[in-house]
$ cat start-v8.csv   # CSV, C-alpha atoms and all ligand atoms
chain,number,residue,atom,x,y,z
A,17,MET,CA,-16.7,22.4,18.7
A,18,SER,CA,-18.7,21.5,15.6
A,19,VAL,CA,-16.9,19.5,13.0
A,20,ALA,CA,-17.0,20.9,9.5
A,21,PRO,CA,-18.8,18.8,6.9
A,22,SER,CA,-16.4,16.4,5.1
A,23,PRO,CA,-16.6,14.7,1.7
A,24,ILE,CA,-15.0,11.6,3.2
A,25,LEU,CA,-17.4,8.6,3.7
A,26,PRO,CA,-18.1,8.9,7.4
A,27,VAL,CA,-16.9,5.4,8.5
A,28,TYR,CA,-14.4,7.0,10.8
A,29,SER,CA,-14.8,9.8,13.2
A,30,PRO,CA,-11.3,11.3,13.6
A,31,PRO,CA,-10.5,14.1,16.1
A,32,ASP,CA,-10.1,17.6,14.9
A,33,VAL,CA,-6.3,17.5,14.4
A,34,VAL,CA,-4.3,17.3,11.2
A,35,PHE,CA,-0.7,16.3,11.3
A,36,GLU,CA,1.7,18.0,8.9
A,37,ARG,CA,5.0,16.4,9.6
A,38,GLY,CA,6.6,13.6,11.5
A,39,GLU,CA,10.1,13.0,12.7
A,40,GLY,CA,11.1,9.8,14.6
A,41,VAL,CA,8.6,9.3,17.5
A,42,TRP,CA,7.1,12.8,17.1
A,43,LEU,CA,4.3,14.2,15.0
A,44,THR,CA,3.7,17.9,14.5
A,45,ALA,CA,0.1,19.2,13.8
A,46,ARG,CA,-0.9,22.1,11.5
A,47,ASP,CA,-1.1,24.4,14.5
A,48,GLY,CA,2.5,23.6,15.5
A,49,ARG,CA,1.6,21.3,18.5
A,50,ARG,CA,3.9,18.3,18.9
A,51,TYR,CA,2.6,14.8,19.9
A,52,LEU,CA,4.5,11.8,21.1
A,53,ASP,CA,3.3,9.0,18.8
A,54,PHE,CA,2.6,5.7,20.7
A,55,ILE,CA,0.4,4.2,18.1
A,56,ALA,CA,2.5,4.7,14.9
A,57,GLY,CA,-0.3,4.6,12.4
A,58,ILE,CA,-1.5,1.3,14.1
A,59,ALA,CA,1.9,-0.5,14.3
A,60,VAL,CA,2.9,0.7,10.8
A,61,ASN,CA,5.7,3.3,11.2
A,62,ALA,CA,8.0,0.7,12.8
A,63,LEU,CA,11.1,2.9,12.1
A,64,GLY,CA,9.3,6.1,13.2
A,65,HIS,CA,8.4,9.0,10.9
A,66,ALA,CA,10.7,10.2,8.1
A,67,HIS,CA,13.4,7.6,8.8
A,68,PRO,CA,16.4,8.8,6.6
A,69,LYS,CA,17.0,5.4,5.1
A,70,LEU,CA,13.4,5.0,4.0
A,71,VAL,CA,13.2,8.5,2.7
A,72,GLU,CA,16.3,7.9,0.7
A,73,ALA,CA,15.2,4.5,-0.7
A,74,LEU,CA,11.8,6.0,-1.8
A,75,ALA,CA,13.3,9.1,-3.3
A,76,ALA,CA,15.9,7.1,-5.2
A,77,GLN,CA,13.4,4.6,-6.6
A,78,ALA,CA,10.9,7.4,-7.4
A,79,SER,CA,13.3,9.0,-9.9
A,80,LYS,CA,14.0,5.6,-11.5
A,81,LEU,CA,10.8,3.5,-12.0
A,82,TRP,CA,7.4,3.4,-10.3
A,83,HIS,CA,5.4,0.6,-11.9
A,84,VAL,CA,5.4,-2.1,-14.5
A,85,SER,CA,2.9,-4.6,-13.1
A,86,ASN,CA,3.5,-8.3,-12.4
A,87,MET,CA,3.4,-9.2,-16.1
A,88,PHE,CA,7.1,-8.4,-15.8
A,89,ARG,CA,9.7,-9.3,-13.2
A,90,VAL,CA,9.8,-6.5,-10.8
A,91,ALA,CA,13.1,-5.1,-9.5
A,92,GLY,CA,13.5,-5.8,-5.8
A,93,GLN,CA,10.8,-8.4,-5.4
A,94,GLU,CA,13.1,-11.4,-5.6
A,95,GLU,CA,15.6,-9.8,-3.3
A,96,LEU,CA,13.1,-8.9,-0.6
A,97,ALA,CA,11.3,-12.3,-1.0
A,98,GLN,CA,14.6,-14.0,-0.4
A,99,ARG,CA,15.2,-12.0,2.7
A,100,TYR,CA,11.8,-13.1,4.1
A,101,ILE,CA,12.5,-16.7,3.2
A,102,ASP,CA,16.0,-16.7,4.7
A,103,THR,CA,14.5,-15.5,8.0
A,104,SER,CA,11.4,-17.6,8.2
A,105,PHE,CA,9.7,-20.9,7.5
A,106,ALA,CA,8.7,-19.9,4.0
A,107,ASP,CA,9.6,-21.0,0.5
A,108,TYR,CA,7.6,-18.5,-1.5
A,109,VAL,CA,6.3,-15.0,-1.1
A,110,PHE,CA,3.5,-13.1,-2.8
A,111,PHE,CA,3.5,-9.3,-2.4
A,112,THR,CA,0.2,-7.4,-1.7
A,113,ASN,CA,-0.8,-3.8,-1.0
A,114,SER,CA,-2.4,-4.4,2.4
A,115,GLY,CA,-2.9,-6.7,5.2
A,116,THR,CA,-6.4,-7.6,4.1
A,117,GLU,CA,-5.1,-8.8,0.7
A,118,ALA,CA,-2.4,-10.7,2.4
A,119,VAL,CA,-5.0,-12.5,4.5
A,120,GLU,CA,-7.2,-13.1,1.5
A,121,GLY,CA,-4.3,-14.6,-0.4
A,122,ALA,CA,-3.4,-16.8,2.6
A,123,LEU,CA,-7.0,-18.1,2.9
A,124,LYS,CA,-7.1,-18.8,-0.9
A,125,THR,CA,-3.8,-20.6,-0.7
A,126,ALA,CA,-5.0,-22.9,2.1
A,127,ARG,CA,-8.2,-23.9,0.2
A,128,LYS,CA,-6.4,-24.3,-3.1
A,129,HIS,CA,-3.8,-26.6,-1.4
A,130,HIS,CA,-6.6,-29.1,-0.4
A,131,SER,CA,-8.3,-28.7,-3.7
A,132,ALA,CA,-5.1,-29.5,-5.6
A,133,ASN,CA,-4.8,-32.6,-3.4
A,134,GLY,CA,-8.2,-33.7,-4.5
A,135,ASP,CA,-9.8,-32.9,-1.1
A,136,LEU,CA,-12.6,-30.8,-2.5
A,137,ASP,CA,-14.6,-30.6,0.7
A,138,ARG,CA,-11.8,-29.4,2.8
A,139,ILE,CA,-12.8,-25.7,2.8
A,140,GLU,CA,-13.5,-24.9,6.4
A,141,ILE,CA,-11.5,-22.1,8.0
A,142,ILE,CA,-11.4,-22.0,11.8
A,143,GLY,CA,-10.8,-18.6,13.4
A,144,PHE,CA,-11.0,-17.2,16.9
A,145,GLN,CA,-13.5,-14.9,18.6
A,146,GLY,CA,-12.0,-11.4,19.0
A,147,SER,CA,-9.7,-11.8,16.1
A,148,PHE,CA,-9.3,-9.2,13.3
A,149,HIS,CA,-8.1,-10.1,9.8
A,150,GLY,CA,-9.2,-7.1,7.7
A,151,ARG,CA,-12.4,-5.9,6.0
A,152,SER,CA,-12.8,-7.9,2.8
A,153,TYR,CA,-15.6,-10.5,2.7
A,154,ALA,CA,-13.3,-13.4,3.5
A,155,ALA,CA,-11.6,-11.4,6.3
A,156,ILE,CA,-14.7,-10.4,8.1
A,157,ASN,CA,-16.1,-14.0,7.8
A,158,ALA,CA,-12.8,-15.4,9.1
A,159,SER,CA,-13.0,-13.2,12.2
A,160,GLY,CA,-16.7,-13.5,12.6
A,161,ASN,CA,-17.1,-10.1,14.3
A,162,ALA,CA,-20.8,-9.4,14.1
A,163,ALA,CA,-20.3,-5.6,14.0
A,164,TYR,CA,-18.2,-5.9,10.8
A,165,LEU,CA,-20.6,-8.5,9.2
A,166,ASP,CA,-23.9,-6.9,9.9
A,167,GLY,CA,-25.8,-5.6,6.9
A,168,PHE,CA,-23.3,-7.0,4.3
A,169,GLY,CA,-25.4,-10.0,3.3
A,170,PRO,CA,-25.2,-13.6,4.2
A,171,ARG,CA,-22.2,-15.0,5.9
A,172,LEU,CA,-19.9,-17.0,3.7
A,173,PRO,CA,-20.0,-20.8,4.2
A,174,GLY,CA,-16.9,-22.5,5.4
A,175,PHE,CA,-15.9,-20.1,8.3
A,176,VAL,CA,-16.3,-20.9,12.0
A,177,GLN,CA,-14.9,-19.3,15.2
A,178,VAL,CA,-14.1,-20.7,18.6
A,179,PRO,CA,-13.4,-18.8,21.8
A,180,PHE,CA,-9.9,-17.4,22.3
A,181,GLY,CA,-7.7,-19.7,24.2
A,182,ASP,CA,-10.2,-22.6,24.3
A,183,HIS,CA,-8.2,-25.7,23.3
A,184,GLU,CA,-11.2,-28.0,23.9
A,185,ALA,CA,-13.5,-26.0,21.7
A,186,LEU,CA,-10.8,-25.9,19.0
A,187,THR,CA,-10.4,-29.6,19.1
A,188,LYS,CA,-14.1,-30.1,18.8
A,189,ALA,CA,-14.4,-27.8,15.9
A,190,ILE,CA,-11.7,-29.7,13.9
A,191,GLY,CA,-13.0,-32.2,11.4
A,192,PRO,CA,-12.2,-33.9,8.1
A,193,ASN,CA,-13.2,-30.7,6.3
A,194,THR,CA,-10.9,-28.4,8.2
A,195,ALA,CA,-8.7,-26.6,5.7
A,196,ALA,CA,-6.9,-24.3,8.0
A,197,VAL,CA,-6.8,-22.5,11.4
A,198,ILE,CA,-6.1,-18.8,11.2
A,199,LEU,CA,-4.8,-17.0,14.2
A,200,GLU,CA,-2.9,-13.9,15.3
A,201,PRO,CA,0.0,-14.9,17.6
A,202,VAL,CA,-0.8,-11.6,19.4
A,203,GLN,CA,-4.4,-10.4,18.9
A,204,GLY,CA,-4.3,-6.7,18.0
A,205,GLU,CA,-7.7,-5.1,17.4
A,206,GLY,CA,-9.5,-7.7,19.6
A,207,GLY,CA,-7.8,-6.5,22.8
A,208,VAL,CA,-4.0,-7.0,22.6
A,209,ARG,CA,-3.9,-10.6,23.8
A,210,ALA,CA,-0.8,-12.7,23.4
A,211,VAL,CA,-1.5,-16.4,22.6
A,212,PRO,CA,0.6,-18.5,25.0
A,213,ASP,CA,3.5,-20.4,23.4
A,214,GLN,CA,2.1,-23.8,24.5
A,215,CYS,CA,-1.2,-23.1,22.6
A,216,LEU,CA,0.8,-22.4,19.4
A,217,GLN,CA,2.7,-25.6,20.0
A,218,GLY,CA,-0.5,-27.5,20.6
A,219,LEU,CA,-2.0,-26.1,17.4
A,220,ARG,CA,0.9,-27.4,15.4
A,221,LYS,CA,0.4,-30.9,16.8
A,222,LEU,CA,-3.3,-30.8,15.9
A,223,ALA,CA,-2.5,-29.5,12.4
A,224,ASP,CA,0.0,-32.3,11.8
A,225,GLU,CA,-2.4,-34.9,13.2
A,226,HIS,CA,-5.5,-33.8,11.2
A,227,GLY,CA,-3.8,-32.6,8.0
A,228,PHE,CA,-5.0,-29.0,8.1
A,229,LEU,CA,-2.8,-25.9,7.6
A,230,ILE,CA,-1.9,-23.2,10.0
A,231,ILE,CA,-2.1,-19.5,8.9
A,232,PHE,CA,-0.6,-17.0,11.2
A,233,ASP,CA,-1.8,-13.4,10.7
A,234,GLU,CA,1.2,-11.4,11.7
A,235,VAL,CA,0.0,-8.2,10.0
A,236,GLN,CA,0.1,-6.3,13.3
A,237,CYS,CA,2.4,-8.4,15.6
A,238,GLY,CA,5.1,-9.3,13.0
A,239,ALA,CA,7.9,-7.1,11.6
A,240,SER,CA,10.0,-7.2,14.8
A,241,ARG,CA,7.3,-5.7,17.0
A,242,THR,CA,7.6,-8.4,19.7
A,243,GLY,CA,11.4,-8.4,19.6
A,244,LYS,CA,11.6,-11.3,17.2
A,245,LEU,CA,11.3,-10.7,13.5
A,246,TRP,CA,8.0,-12.8,13.5
A,247,ALA,CA,6.0,-13.1,16.7
A,248,HIS,CA,5.5,-16.9,16.4
A,249,GLN,CA,9.2,-17.5,16.6
A,250,TRP,CA,9.0,-17.0,20.4
A,251,ALA,CA,7.1,-20.3,20.5
A,252,GLY,CA,9.5,-22.2,18.2
A,253,VAL,CA,6.5,-23.2,16.0
A,254,GLU,CA,6.1,-22.7,12.3
A,255,PRO,CA,2.9,-22.0,10.3
A,256,ASP,CA,2.4,-23.1,6.8
A,257,ILE,CA,1.2,-19.7,5.6
A,258,MET,CA,1.7,-16.2,7.1
A,259,ALA,CA,0.2,-12.9,6.3
A,260,VAL,CA,2.2,-9.8,7.0
A,261,ALA,CA,1.8,-6.0,6.3
A,262,LYS,CA,1.7,-2.9,8.4
A,263,GLY,CA,5.2,-2.7,9.9
A,264,VAL,CA,7.0,-4.4,7.0
A,265,GLY,CA,6.6,-1.3,4.8
A,266,GLY,CA,7.4,1.2,7.5
A,267,GLY,CA,4.6,3.4,6.3
A,268,PHE,CA,4.6,2.5,2.6
A,269,PRO,CA,1.4,0.5,1.9
A,270,MET,CA,2.6,-3.1,1.3
A,271,GLY,CA,2.1,-6.6,2.6
A,272,ALA,CA,2.8,-10.1,1.7
A,273,PHE,CA,1.8,-13.7,2.3
A,274,LEU,CA,4.5,-16.2,2.9
A,275,VAL,CA,4.0,-19.9,2.1
A,276,ASN,CA,5.9,-23.1,2.6
A,277,LYS,CA,6.4,-25.6,-0.2
A,278,LYS,CA,3.8,-28.0,0.9
A,279,ALA,CA,1.0,-25.4,1.2
A,280,ALA,CA,1.9,-23.7,-2.1
A,281,ASN,CA,1.1,-26.6,-4.3
A,282,GLY,CA,-2.2,-25.2,-5.6
A,283,MET,CA,-0.9,-21.8,-6.4
A,284,THR,CA,0.1,-22.4,-9.9
A,285,ARG,CA,0.1,-20.0,-12.9
A,286,GLY,CA,-3.1,-17.9,-13.0
A,287,ALA,CA,-4.3,-19.0,-9.6
A,288,HIS,CA,-3.9,-15.5,-8.1
A,289,GLY,CA,-2.8,-12.0,-9.0
A,290,THR,CA,-2.5,-8.3,-8.3
A,291,THR,CA,-1.8,-5.2,-10.3
A,292,PHE,CA,0.0,-3.1,-7.7
A,293,GLY,CA,1.3,-5.7,-5.3
A,294,GLY,CA,5.0,-5.7,-5.0
A,295,ASN,CA,5.6,-2.6,-7.1
A,296,PRO,CA,9.1,-1.1,-7.3
A,297,LEU,CA,8.4,1.7,-4.9
A,298,ALA,CA,7.1,-0.7,-2.3
A,299,MET,CA,10.0,-3.1,-2.8
A,300,ALA,CA,12.6,-0.3,-2.4
A,301,VAL,CA,11.1,0.8,0.9
A,302,GLY,CA,10.3,-2.7,2.0
A,303,LEU,CA,13.9,-3.7,1.5
A,304,ALA,CA,15.4,-0.7,3.3
A,305,CYS,CA,12.9,-1.3,6.1
A,306,PHE,CA,13.7,-5.0,6.4
A,307,GLU,CA,17.4,-4.3,6.6
A,308,GLU,CA,16.8,-2.3,9.8
A,309,LEU,CA,14.1,-4.6,11.3
A,310,ALA,CA,16.3,-7.7,10.9
A,311,LYS,CA,19.4,-6.4,12.6
A,312,PRO,CA,20.1,-8.4,15.8
A,313,ALA,CA,21.0,-5.2,17.7
A,314,PHE,CA,17.6,-3.7,16.6
A,315,LEU,CA,15.7,-6.7,17.9
A,316,GLU,CA,17.6,-6.4,21.2
A,317,HIS,CA,16.7,-2.8,21.4
A,318,VAL,CA,13.0,-3.7,20.9
A,319,THR,CA,13.2,-6.3,23.7
A,320,ALA,CA,14.9,-3.8,26.0
A,321,MET,CA,12.3,-1.1,25.3
A,322,SER,CA,9.5,-3.6,25.6
A,323,ASN,CA,10.7,-4.8,29.0
A,324,HIS,CA,11.0,-1.2,30.2
A,325,PHE,CA,7.5,-0.3,28.9
A,326,GLY,CA,5.9,-3.5,30.1
A,327,GLN,CA,7.2,-3.0,33.6
A,328,ALA,CA,6.0,0.6,33.7
A,329,LEU,CA,2.5,-0.5,32.5
A,330,GLU,CA,2.4,-3.1,35.3
A,331,GLY,CA,3.3,-0.3,37.7
A,332,LEU,CA,0.3,1.7,36.4
A,333,ARG,CA,-1.9,-1.3,37.0
A,334,ASP,CA,-0.7,-1.5,40.6
A,335,ARG,CA,-1.3,2.2,41.1
A,336,TYR,CA,-4.8,2.3,39.6
A,337,PRO,CA,-6.3,-1.1,40.5
A,338,GLY,CA,-9.9,-0.1,40.1
A,339,LEU,CA,-9.4,1.5,36.7
A,340,VAL,CA,-6.6,-0.6,35.2
A,341,LEU,CA,-7.5,-4.3,35.4
A,342,GLU,CA,-4.7,-5.8,33.4
A,343,ALA,CA,-1.5,-4.9,31.5
A,344,ARG,CA,-1.4,-7.0,28.4
A,345,GLY,CA,0.5,-7.8,25.2
A,346,LYS,CA,3.9,-8.6,24.0
A,347,GLY,CA,6.9,-6.6,22.9
A,348,LEU,CA,5.9,-3.2,21.8
A,349,LEU,CA,2.3,-4.2,21.2
A,350,ARG,CA,0.9,-3.5,24.6
A,351,GLY,CA,-2.5,-2.7,26.2
A,352,LEU,CA,-4.1,-1.7,29.4
A,353,LYS,CA,-7.5,-3.3,30.0
A,354,LEU,CA,-9.7,-0.7,31.7
A,355,SER,CA,-12.8,-1.1,33.7
A,356,VAL,CA,-14.3,1.7,31.6
A,357,ASP,CA,-14.6,2.7,27.9
A,358,PRO,CA,-11.0,3.7,26.9
A,359,LYS,CA,-12.0,6.4,24.4
A,360,PRO,CA,-12.4,9.3,26.8
A,361,LEU,CA,-8.9,8.5,28.2
A,362,GLN,CA,-7.5,8.3,24.7
A,363,ALA,CA,-8.9,11.8,24.0
A,364,ALA,CA,-7.5,13.1,27.3
A,365,LEU,CA,-4.1,11.7,26.5
A,366,ARG,CA,-4.2,13.3,23.1
A,367,ASP,CA,-4.9,16.7,24.8
A,368,LYS,CA,-1.8,16.1,26.8
A,369,GLY,CA,0.3,15.3,23.7
A,370,LEU,CA,0.3,11.5,23.7
A,371,LEU,CA,-1.2,9.5,20.9
A,372,VAL,CA,-2.5,6.0,21.7
A,373,GLY,CA,-5.0,3.6,20.2
A,374,VAL,CA,-7.9,1.6,21.6
A,375,ALA,CA,-8.8,-2.0,21.0
A,376,GLY,CA,-11.7,-4.3,21.8
A,377,ASP,CA,-12.4,-5.5,25.3
A,378,ASN,CA,-11.9,-1.9,26.8
A,379,VAL,CA,-8.2,-1.8,26.0
A,380,LEU,CA,-6.0,1.2,25.6
A,381,ARG,CA,-3.6,0.2,22.9
A,382,PHE,CA,0.1,1.1,22.5
A,383,ALA,CA,2.2,0.3,19.4
A,384,PRO,CA,5.0,2.9,19.4
A,385,PRO,CA,7.6,3.1,16.7
A,386,LEU,CA,10.2,0.4,17.5
A,387,ILE,CA,12.9,3.1,17.5
A,388,ILE,CA,11.7,4.6,20.8
A,389,GLY,CA,14.2,5.3,23.5
A,390,SER,CA,13.9,5.0,27.3
A,391,GLU,CA,13.2,8.7,27.5
A,392,HIS,CA,10.1,8.3,25.3
A,393,VAL,CA,8.8,5.5,27.5
A,394,THR,CA,9.4,7.6,30.6
A,395,GLN,CA,7.6,10.6,29.0
A,396,ALA,CA,4.6,8.5,27.8
A,397,VAL,CA,4.2,6.8,31.2
A,398,ALA,CA,4.3,10.1,33.0
A,399,ILE,CA,1.5,11.4,30.8
A,400,LEU,CA,-0.4,8.2,31.3
A,401,ASP,CA,0.0,8.5,35.1
A,402,THR,CA,-1.4,12.0,35.1
A,403,ALA,CA,-4.3,11.1,32.9
A,404,LEU,CA,-5.2,8.0,34.9
A,405,ALA,CA,-5.0,10.0,38.2
A,406,GLU,CA,-7.4,12.6,36.7
A,407,ALA,CA,-9.7,9.9,35.4
A,408,ILE,CA,-10.3,8.5,38.9
A,409,ARG,CA,-10.4,12.0,40.5
A,410,PRO,CA,-12.3,14.2,38.0
A,411,GLN,CA,-11.4,17.9,38.5
A,412,ALA,CA,-14.0,20.4,39.6
B,501,LIG,C1,-4.7,-4.3,10.3
B,501,LIG,C2,-4.8,-5.8,10.3
B,501,LIG,C3,-5.3,-6.5,9.1
B,501,LIG,C4,-5.7,-5.7,7.9
B,501,LIG,O1,-4.7,-5.0,7.3
B,501,LIG,P1,-5.1,-3.7,6.3
B,501,LIG,O2,-3.7,-3.3,5.8
B,501,LIG,O3,-5.8,-2.7,7.1
B,501,LIG,O4,-5.9,-4.3,5.2
B,501,LIG,C5,-5.3,-7.8,9.1
B,501,LIG,N1,-5.0,-8.5,10.2
B,501,LIG,C6,-4.5,-7.9,11.3
B,501,LIG,C7,-4.1,-8.8,12.4
B,501,LIG,C8,-4.4,-6.6,11.4
B,501,LIG,O5,-4.0,-6.0,12.5
$ encode --input "start-v8.csv" --output "structure tokens"
Amino acid sequence: MSVAPSPILPVYSPPDVVFERGEGVWLTARDGRRYLDFIAGIAVNALGHAHPKLVEALAAQASKLWHVSNMFRVAGQEELAQRYIDTSFADYVFFTNSGTEAVEGALKTARKHHSANGDLDRIEIIGFQGSFHGRSYAAINASGNAAYLDGFGPRLPGFVQVPFGDHEALTKAIGPNTAAVILEPVQGEGGVRAVPDQCLQGLRKLADEHGFLIIFDEVQCGASRTGKLWAHQWAGVEPDIMAVAKGVGGGFPMGAFLVNKKAANGMTRGAHGTTFGGNPLAMAVGLACFEELAKPAFLEHVTAMSNHFGQALEGLRDRYPGLVLEARGKGLLRGLKLSVDPKPLQAALRDKGLLVGVAGDNVLRFAPPLIIGSEHVTQAVAILDTALAEAIRPQA
């Protein structure tokens, strides 16, 4: 089928399907076909589609006030910030429109901290190979992915990357000019790889010894996706700065960076800003979303579903050993590492009514809404089973 010409800049190549409505874990396309959504707008629709509480919060705010900008105190900001602070390491919150902006602000905060301390040469940011932090200049330089850097001019100074999980390389890269280490506690785009708890604990030790800051990028793995509100809480380790977005807005574009008192010392009046970040619509939805995400029973539900789904994925690895090399991830951010390019399988699954993502390192990626029930897991795994069977035994 030939695809009609589109006025949209062709940096994506979406399949020929347009969704018209969503309800819970289900999406309905224009032609009436229903799809089980196991990618949730890339870990965004944490409460599924059209969650009644989010719909109500947005509609109520929409009829009251949309925007005043941060030159005024914005209704809802302090309340939501306080909720984040009460449930994390942080002392301050800055609201953004996206994950990239949250990362950008986090990186700026780290450098400004050292600059405010008179450490003007401490600008170096250490990241990890296979990481993803967004598409701004700082974000692509922090992750160092050549495909995202190519053609966009010289690399920015002050960014280096070390191999994932390589403690020795990390230790070697650390020096007197190290400002911060940025890391996703569970790598999303790079291949759905969870960083072991002891690595996060080791990183904290290094940071305290050498005086650099830790930035956790929880844009994808935060917001209760792993069964804890913030993914790093499994390791009992605290960062100095954390970037969040995606799931915290439940589908409304919003993000934030969270900072502890020590790291925040450079971010004084005029040091940073945003026009839209933290606007009243975002705050209304973000607050309603957070109320659900933070409930202990909700987190228990995520853990139960993630155990169920994780075991089922291990089962698929056992059944298709040549094709499925590994079941990976944490909570409801999961992946199957394949021996082949996952894209044809992703398309085959879509044809069978299951939406999934892909990630680097030949990984089929799953990030379902956190409200899924056992029946959805069972259904998704049955479709996966059929598609994997067909992939190893192509039909005539
Ligand atoms: C998606 C993502 C980002 C970028 O977020 P945007 O909202 O697309 O700007 C940054 N970091 C991680 C870990 C992500 O998954």
$ closest_residue --input "start-v8.csv" --among "A:Gly282, A:Gly289, A:Pro337, A:Gly169" --to "A:His129" --atoms "only C-alpha atoms"
A:Gly282
$ residues_near_ligand --input "start-v8.csv" --ligand "ligand LIG 501 (chain B)" --cutoff "7 Å" --atoms "all atoms listed in the file" --output "PyMOL selection string"
chain A and resi 114-117+119+148-151+200+203-205+233-236+261-262
$ atom_distance --input "start-v8.csv" --atom1 "atom CA of A:Leu199" --atom2 "atom CA of A:Ser147"
7.4 Å
$ closest_residue --input "start-v8.csv" --among "A:Ala287, A:Ala398, A:Ala383, A:Leu70" --to "A:Gly347" --atoms "all atoms listed in the file"
A:Ala383
$ atom_distance --input "start-v8.csv" --atom1 "atom CA of A:Gly294" --atom2 "atom CA of A:Ala97"
10.0 Å
$ residues_around --input "start-v8.csv" --residues "A:Ile231" --least-positions-apart "3" --cutoff "7 Å" --atoms "all atoms listed in the file" --output "PyMOL selection string"
chain A and resi 122+196-199+255-258
$ write_last_selection --input "start-v8.csv" --atoms "C-alpha atoms" --output "PDB file, in the coordinates of the input"
ATOM      1  CA  ALA A 122      -3.400 -16.800   2.600  1.00  0.00           C
ATOM      2  CA  ALA A 196      -6.900 -24.300   8.000  1.00  0.00           C
ATOM      3  CA  VAL A 197      -6.800 -22.500  11.400  1.00  0.00           C
ATOM      4  CA  ILE A 198      -6.100 -18.800  11.200  1.00  0.00           C
ATOM      5  CA  LEU A 199      -4.800 -17.000  14.200  1.00  0.00           C
ATOM      6  CA  PRO A 255       2.900 -22.000  10.300  1.00  0.00           C
ATOM      7  CA  ASP A 256       2.400 -23.100   6.800  1.00  0.00           C
ATOM      8  CA  ILE A 257       1.200 -19.700   5.600  1.00  0.00           C
ATOM      9  CA  MET A 258       1.700 -16.200   7.100  1.00  0.00           C
TER      10      MET A 258
END
$ atom_distance --input "start-v8.csv" --atom1 "atom CA of A:Val301" --atom2 "atom CA of A:Gly267"
8.8 Å
$ closest_residue --input "start-v8.csv" --among "A:Glu307, A:Asp182, A:Glu391, A:Asp47" --to "A:Leu63" --atoms "all atoms listed in the file"
A:Glu307
$ residues_around --input "start-v8.csv" --residues "A:Phe306" --least-positions-apart "5" --cutoff "9 Å" --atoms "only C-alpha atoms" --output "ChimeraX atom specification"
/A:96,99-100,239,264-266,301,311
$ closest_residue --input "start-v8.csv" --among "A:Leu165, A:Lys277, A:Pro296, A:Gly48" --to "A:Glu95" --atoms "all atoms listed in the file"
A:Pro296
$ residues_around --input "start-v8.csv" --residues "stretch 20-32 of chain A" --least-positions-apart "4" --cutoff "12 Å" --atoms "all atoms listed in the file" --output "PyMOL selection string"
chain A and resi 45-47+164+359-360+362-364+366-367+371+373
$ write_last_selection --input "start-v8.csv" --atoms "C-alpha atoms" --output "PDB file, in the frame of the given file"
ATOM      1  CA  ALA A  45       0.100  19.200  13.800  1.00  0.00           C
ATOM      2  CA  ARG A  46      -0.900  22.100  11.500  1.00  0.00           C
ATOM      3  CA  ASP A  47      -1.100  24.400  14.500  1.00  0.00           C
ATOM      4  CA  TYR A 164     -18.200  -5.900  10.800  1.00  0.00           C
ATOM      5  CA  LYS A 359     -12.000   6.400  24.400  1.00  0.00           C
ATOM      6  CA  PRO A 360     -12.400   9.300  26.800  1.00  0.00           C
ATOM      7  CA  GLN A 362      -7.500   8.300  24.700  1.00  0.00           C
ATOM      8  CA  ALA A 363      -8.900  11.800  24.000  1.00  0.00           C
ATOM      9  CA  ALA A 364      -7.500  13.100  27.300  1.00  0.00           C
ATOM     10  CA  ARG A 366      -4.200  13.300  23.100  1.00  0.00           C
ATOM     11  CA  ASP A 367      -4.900  16.700  24.800  1.00  0.00           C
ATOM     12  CA  LEU A 371      -1.200   9.500  20.900  1.00  0.00           C
ATOM     13  CA  GLY A 373      -5.000   3.600  20.200  1.00  0.00           C
TER      14      GLY A 373
END
$ closest_residue --input "start-v8.csv" --among "A:Leu229, A:Leu43, A:Ser159, A:Leu222" --to "A:Leu186" --atoms "all atoms listed in the file"
A:Leu222
$ residues_around --input "start-v8.csv" --residues "A:Ile399" --least-positions-apart "4" --cutoff "10 Å" --atoms "all atoms listed in the file" --output "CSV table (one decimal) with C-alpha atoms, in the coordinates of the input"
chain,number,residue,atom,x,y,z
A,364,ALA,CA,-7.5,13.1,27.3
A,365,LEU,CA,-4.1,11.7,26.5
A,366,ARG,CA,-4.2,13.3,23.1
A,368,LYS,CA,-1.8,16.1,26.8
A,369,GLY,CA,0.3,15.3,23.7
A,370,LEU,CA,0.3,11.5,23.7
A,393,VAL,CA,8.8,5.5,27.5
A,394,THR,CA,9.4,7.6,30.6
A,395,GLN,CA,7.6,10.6,29.0
A,403,ALA,CA,-4.3,11.1,32.9
A,404,LEU,CA,-5.2,8.0,34.9
A,405,ALA,CA,-5.0,10.0,38.2
$ closest_residue --input "start-v8.csv" --among "A:Ala272, A:Ala162, A:Leu329, A:Ala155" --to "A:Thr290" --atoms "all atoms listed in the file"
A:Ala272
$ residues_near_point --input "start-v8.csv" --point "(7.7, -18.3, 8.1)" --cutoff "9 Å" --atoms "only C-alpha atoms" --output "list of chain:residue names"
A:Tyr100, A:Ile101, A:Thr103, A:Ser104, A:Phe105, A:Ala106, A:Asp107, A:Phe232, A:Trp246, A:His248, A:Gln249, A:Glu254, A:Pro255, A:Asp256, A:Ile257, A:Met258, A:Leu274, A:Val275, A:Asn276
